[in-house]
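Quick look at upload12.cif (mmCIF, C-alpha atoms):
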```
data_upload
#
loop_
_atom_site.label_atom_id
_atom_site.label_comp_id
_atom_site.auth_asym_id
_atom_site.auth_seq_id
_atom_site.Cartn_x
_atom_site.Cartn_y
_atom_site.Cartn_z
CA MET A 263 0.00 0.00 0.00
CA ARG A 264 1.37 3.39 -1.03
CA VAL A 265 1.70 5.91 1.79
CA ALA A 266 1.68 9.53 0.68
CA THR A 267 4.78 11.60 1.37
CA ASN A 268 4.37 14.02 4.26
CA TRP A 269 5.15 17.17 2.30
CA GLN A 270 4.57 19.45 5.27
CA ARG A 271 7.41 17.70 7.10
CA TYR A 272 9.56 17.83 3.97
CA TYR A 273 9.09 21.56 3.47
CA GLN A 274 9.82 22.25 7.13
CA ARG A 275 13.14 20.48 6.68
CA VAL A 276 13.87 22.28 3.40
CA ARG A 277 13.12 25.63 5.02
CA PHE A 278 15.55 24.84 7.86
CA TRP A 279 18.29 23.76 5.48
CA TYR A 280 17.33 26.13 2.65
CA PHE A 281 20.69 27.89 2.37
CA LEU A 282 22.59 24.63 1.87
CA PHE A 283 19.79 23.15 -0.26
CA SER A 284 19.66 26.17 -2.56
CA LYS A 285 23.42 26.47 -2.90
CA VAL A 286 24.16 22.81 -3.62
CA THR A 287 21.18 20.69 -4.72
CA LEU A 288 19.09 23.12 -6.75
CA PRO A 289 21.92 24.29 -9.07
CA ILE A 290 22.72 20.63 -9.84
CA ILE A 291 19.10 20.06 -10.89
CA TRP A 292 19.10 23.30 -12.86
CA ARG A 293 22.02 22.16 -15.00
CA ALA A 294 19.76 19.42 -16.38
CA TYR A 295 17.16 22.04 -17.29
CA LEU A 296 19.83 24.21 -18.88
CA ASP A 297 21.03 21.36 -21.08
CA LEU A 298 17.50 20.43 -22.12
CA LEU A 299 16.65 24.03 -23.03
CA ARG A 300 19.79 24.52 -25.10
CA GLY A 301 18.74 25.41 -28.66
CA ILE A 302 15.14 26.29 -27.72
CA HIS A 303 14.06 29.74 -28.88
CA PHE A 304 10.83 31.74 -28.83
CA GLN A 305 9.77 34.69 -30.96
CA ARG A 306 7.95 36.50 -28.13
CA PRO A 307 7.89 36.72 -24.33
CA VAL A 308 6.98 33.32 -22.90
CA LYS A 309 4.37 32.02 -20.49
CA ILE A 310 5.67 29.40 -18.04
CA ILE A 311 3.75 26.97 -15.82
CA GLU A 312 5.33 24.74 -13.16
CA LEU A 313 3.39 21.75 -11.84
CA GLY A 314 4.21 20.84 -8.24
CA CYS A 315 6.30 23.99 -8.01
CA GLY A 316 7.99 23.65 -4.62
CA THR A 317 10.01 26.82 -4.05
CA GLY A 318 9.75 27.85 -7.72
CA TYR A 319 13.52 27.78 -8.20
CA ASN A 320 13.47 26.29 -11.70
CA THR A 321 10.83 28.74 -12.90
CA ARG A 322 12.93 31.62 -11.59
CA GLN A 323 15.97 30.28 -13.44
CA ILE A 324 14.04 29.80 -16.70
CA SER A 325 12.84 33.40 -16.43
CA ARG A 326 16.47 34.52 -16.64
CA MET A 327 16.85 32.80 -20.03
CA PHE A 328 13.84 34.25 -21.85
CA PRO A 329 11.72 37.40 -21.76
CA VAL A 330 8.68 36.38 -19.70
CA GLU A 331 5.06 37.49 -19.99
CA LYS A 332 3.60 35.33 -17.21
CA VAL A 333 4.43 32.56 -14.76
CA SER A 334 1.92 30.24 -13.07
CA LEU A 335 3.00 28.03 -10.18
CA ILE A 336 0.78 25.17 -8.96
CA ASP A 337 1.13 23.25 -5.70
CA HIS A 338 -1.15 21.60 -3.16
CA ASN A 339 0.76 23.01 -0.16
CA PRO A 340 -0.12 26.60 0.84
CA ASP A 341 3.07 27.08 2.86
CA VAL A 342 5.36 26.24 -0.04
CA LEU A 343 3.35 28.49 -2.36
CA ASN A 344 4.09 31.32 0.06
CA VAL A 345 7.80 30.47 -0.17
CA ALA A 346 7.59 30.49 -3.98
CA ARG A 347 5.75 33.81 -3.89
CA GLU A 348 8.58 35.28 -1.83
CA LYS A 349 11.33 33.81 -4.04
CA LEU A 350 9.72 35.17 -7.23
CA SER A 351 8.71 38.54 -5.80
CA SER A 352 11.32 40.40 -7.86
CA LEU A 353 10.23 38.84 -11.14
CA GLU A 354 8.67 41.57 -13.29
CA CYS A 355 5.82 39.84 -15.06
CA GLU A 356 2.32 38.62 -14.33
CA LYS A 357 2.41 35.92 -11.62
CA LYS A 358 -0.17 33.39 -10.42
CA PHE A 359 0.24 31.09 -7.42
CA ILE A 360 -2.44 28.43 -7.51
CA LEU A 361 -3.40 26.07 -4.67
CA GLN A 362 -4.87 23.25 -6.74
CA ASP A 363 -5.26 19.52 -7.24
CA LEU A 364 -3.37 18.95 -10.49
CA PHE A 365 -5.97 16.48 -11.75
CA LYS A 366 -8.61 19.23 -11.56
CA LEU A 367 -6.53 21.94 -13.23
CA ASP A 368 -8.16 24.03 -15.95
CA THR A 369 -6.16 23.61 -19.18
CA SER A 370 -7.82 26.35 -21.23
CA GLU A 371 -4.85 28.70 -20.85
CA LYS A 372 -1.79 27.66 -22.89
CA TYR A 373 1.88 28.04 -22.07
CA ASP A 374 5.17 28.05 -23.97
CA ILE A 375 6.94 26.04 -21.25
CA ALA A 376 5.25 23.54 -18.92
CA HIS A 377 7.61 21.81 -16.52
CA SER A 378 7.99 19.66 -13.43
CA GLN A 379 10.79 18.09 -11.44
CA GLY A 380 10.29 15.60 -8.62
CA LEU A 381 6.60 15.14 -9.40
CA LEU A 382 5.77 12.02 -11.45
CA GLU A 383 7.52 9.53 -9.17
CA HIS A 384 4.98 10.15 -6.40
CA TYR A 385 2.09 8.82 -8.50
CA THR A 386 0.99 5.49 -9.94
CA PRO A 387 1.95 4.66 -13.56
CA GLU A 388 -1.59 5.46 -14.71
CA GLU A 389 -1.53 8.81 -12.92
CA GLN A 390 1.91 9.54 -14.39
CA VAL A 391 0.46 9.24 -17.90
CA LYS A 392 -2.36 11.60 -16.92
CA LEU A 393 0.14 14.13 -15.55
CA ILE A 394 2.23 13.91 -18.72
CA SER A 395 -0.93 14.47 -20.73
CA LEU A 396 -1.64 17.48 -18.51
CA HIS A 397 1.75 18.98 -19.42
CA LYS A 398 0.85 18.39 -23.08
CA ASP A 399 -2.63 19.93 -22.80
CA LEU A 400 -1.17 23.11 -21.27
CA LEU A 401 1.19 23.72 -24.20
CA THR A 402 0.88 26.05 -27.14
CA GLU A 403 1.43 24.41 -30.54
CA GLU A 404 5.17 25.14 -30.43
CA GLY A 405 5.53 24.95 -26.65
CA VAL A 406 7.83 22.55 -24.84
CA ALA A 407 7.44 20.44 -21.72
CA ILE A 408 10.35 19.58 -19.41
CA ILE A 409 9.97 16.60 -17.09
CA VAL A 410 12.72 15.45 -14.72
CA VAL A 411 12.39 12.28 -12.62
CA PRO A 412 14.66 10.08 -10.48
CA THR A 413 15.83 6.82 -12.02
CA PRO A 414 16.85 3.67 -10.09
CA SER A 415 20.56 3.86 -10.91
CA LEU A 416 23.21 2.46 -8.58
CA ALA A 417 23.90 5.99 -7.29
CA TYR A 418 20.21 6.52 -6.56
CA ARG A 419 19.88 3.18 -4.75
CA LEU A 420 22.96 3.83 -2.62
CA TRP A 421 21.84 7.38 -1.77
CA ARG A 422 18.32 6.28 -0.92
CA GLY A 423 19.49 3.23 1.03
CA ALA A 424 21.80 5.34 3.18
CA GLN A 425 19.00 7.80 3.99
CA GLU A 426 16.59 4.98 4.81
CA LYS A 427 19.09 3.42 7.23
CA LEU A 428 19.48 6.78 8.95
CA HIS A 429 15.68 7.25 9.03
CA LEU A 430 16.03 10.43 6.95
CA TRP A 431 14.08 9.27 3.89
CA LEU A 432 10.81 11.21 3.72
CA TYR A 433 9.46 10.21 0.30
CA SER A 434 7.30 7.24 1.25
CA ASP A 435 5.49 7.07 -2.11
CA GLU A 436 8.48 7.73 -4.37
CA ARG A 437 9.10 5.11 -7.05
CA ALA A 438 12.08 5.83 -9.30
CA ILE A 439 11.33 5.56 -13.03
CA THR A 440 13.49 3.70 -15.53
CA GLU A 441 14.40 5.13 -18.93
CA ALA A 442 12.12 2.63 -20.68
CA GLU A 443 9.21 3.45 -18.36
CA LEU A 444 9.66 7.18 -18.90
CA ILE A 445 9.75 6.80 -22.69
CA SER A 446 6.65 4.61 -22.63
CA ARG A 447 4.70 7.03 -20.43
CA LEU A 448 5.75 10.10 -22.39
CA GLU A 449 4.54 8.49 -25.60
CA ALA A 450 1.31 7.31 -23.94
CA GLY A 451 0.76 10.87 -22.73
CA GLY A 452 0.92 12.21 -26.29
CA MET A 453 4.45 13.60 -26.23
CA GLN A 454 7.11 13.72 -28.93
CA ILE A 455 10.51 13.44 -27.23
CA LEU A 456 13.01 16.01 -28.50
CA LYS A 457 15.84 15.09 -26.12
CA MET A 458 16.25 12.78 -23.17
CA LYS A 459 19.32 12.19 -21.05
CA ARG A 460 20.49 10.96 -17.65
CA TYR A 461 21.76 13.73 -15.39
CA HIS A 462 23.95 13.73 -12.25
CA LEU A 463 23.73 9.90 -12.09
CA MET A 464 20.29 9.82 -10.46
CA GLU A 465 17.72 11.51 -12.72
CA TYR A 466 16.41 11.43 -16.27
CA GLY A 467 15.27 14.61 -17.93
CA ALA A 468 13.20 14.93 -21.10
CA ILE A 469 12.13 17.86 -23.22
CA CYS A 470 9.10 17.21 -25.40
CA ARG A 471 6.50 18.74 -27.70
CA ARG A 472 2.94 17.78 -28.34
CA LYS A 473 2.81 14.80 -30.68
CA LYS A 474 1.53 15.93 -34.06
CA ALA A 475 -1.75 14.37 -35.15
#
```
So, in terms of structure tokens, how does the structure I just supplied come out?
Amino acid sequence: MRVATNWQRYYQRVRFWYFLFSKVTLPIIWRAYLDLLRGIHFQRPVKIIELGCGTGYNTRQISRMFPVEKVSLIDHNPDVLNVAREKLSSLECEKKFILQDLFKLDTSEKYDIAHSQGLLEHYTPEEQVKLISLHKDLLTEEGVAIIVVPTPSLAYRLWRGAQEKLHLWLYSDERAITEAELISRLEAGGMQILKMKRYHLMEYGAICRRKKA
């Protein structure tokens, strides 16, 4: 039986260790985004949406690469949305911070970049396909989706095993996703994969477009 991760406990820990977390872990994750976005260009200011936004770090970094018209950040935790609101306060564009169940999200508004990191692995395979399809449904015709997930590499298993032995592992519902599983679910969710690669030994990242009919 899957037991949902206690995100309130997680965010309390992240807040306590935020300086170290932001200086070490987040830039490592961002390098995957940076590689995936290499060669992507837009003809106008972009609209960005982040699903399961956490602190909004990746959205803030993307906003430094492109002129931005609007950012929308979605999470189910009101405390972390407040952190994201603070972290993006200096961003000069329209901003929306939405407390919302992702499976009930309105997809009528379209975005040039829809992205998530650390999201899919907390859901069942069927729900993962639905979330991938949600990324797709939020995109403009030429928009791109970025999805980054942990993969069960040796480095991941050692890192997770050490944390579990020390009773520091908080992600009770996390199931790492293999390359083959990610490809299968991206295709089932209606995505055309533009680039996919393993990053920092423990995650796979993919950048995709809507599959053409």
Exercise: segment 299-315 of chain A partners within 7 Å, all atoms listed in the file, chain neighbours under 6 positions left out, as a list in words: Thr321, Phe328, Pro329, Val330, Glu331, Lys332, Val333, Ser334, Leu335, Ile336, Asp337, Tyr373, Asp374, Ile375, Ala376, His377, Ser378 and Leu381 of chain A
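Taking atom CA of Arg437 of chain A and atom CA of Pro387 of chain A as the two end points, the separation is 9.7 Å.
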For the PyMOL selection byres ((chain A and resi 410) around 7), applied here, can you spell out every residue it catches as a VMD selection string? chain A and resid 378 to 380 408 to 409 411 465 to 468
Hits from the PyMOL selection byres ((chain A and resi 464) around 9), listed as a ChimeraX atom specification: /A:411-419,460-463,465-466
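For the set A:Lys427, A:Lys372, A:Lys392, A:Arg322, the residue with the smallest atom-to-atom gap to Leu448 of chain A is A:Lys392, counting only C-alpha atoms.
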Hey, can you check how far atom CA of Gly405 of chain A sits from atom CA of Met327 of chain A?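 Answer for the atom CA of Gly405 of chain A to atom CA of Met327 of chain A separation: 15.3 Å.
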Using all atoms listed in the file: which of A:Lys459, A:Lys473, A:Arg447, A:Lys357 has the shortest distance to Tyr295 of chain A: A:Lys459
What is the distance between atom CA of Arg422 of chain A and atom CA of Ala438 of chain A, in Å to one decimal?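 These atoms are spaced 10.5 Å apart.
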Mind checking which residues fall within 8 Å of Ile394 of chain A, counting only C-alpha atoms, ignoring those fewer than 2 positions away in the same chain, and posting them as an MDAnalysis selection string? chainID A and resid 390:392 396:398 447:448 451:453
Can I get the residues of segment 280-330 of chain A within 7 Å of segment 338-352 of chain A, each with the closest pair of atoms and their distance in Å to one decimal, using all atoms listed in the file, sorted chain first then ascending number, as JSON lines?
```
{"residue": "A:Gly316", "atom": "CA", "partner": "A:Val342", "partner_atom": "CA", "distance": 5.9}
{"residue": "A:Thr317", "atom": "CA", "partner": "A:Ala346", "partner_atom": "CA", "distance": 4.4}
{"residue": "A:Gly318", "atom": "CA", "partner": "A:Ala346", "partner_atom": "CA", "distance": 5.1}
{"residue": "A:Arg322", "atom": "CA", "partner": "A:Leu350", "partner_atom": "CA", "distance": 6.5}
```
Find the residue from A:Glu383, A:Glu389, A:Asp363, A:Asp399 that sits nearest to Asp435 of chain A; use all atoms listed in the file when measuring. A:Glu383
Box along x, y and z, 8 Å on every side, all listed atoms of segment 387-398 of chain A inside: centre and edge lengths in Å to one decimal, as JSON.
```
{"center_x": -0.1, "center_y": 11.8, "center_z": -18.0, "size_x": 20.6, "size_y": 30.3, "size_z": 26.2}
```
Compare A:Tyr319, A:Trp431, A:Trp421, A:Phe359 by their minimum atom-to-atom distance to Trp292 of chain A, counting all atoms listed in the file, and give me the closest one. A:Tyr319
Go through the shown structure with the PyMOL selection byres ((chain A and resi 404) around 8) and write out the matching residues as a ChimeraX atom specification. /A:374,401-403,405-406,471-472
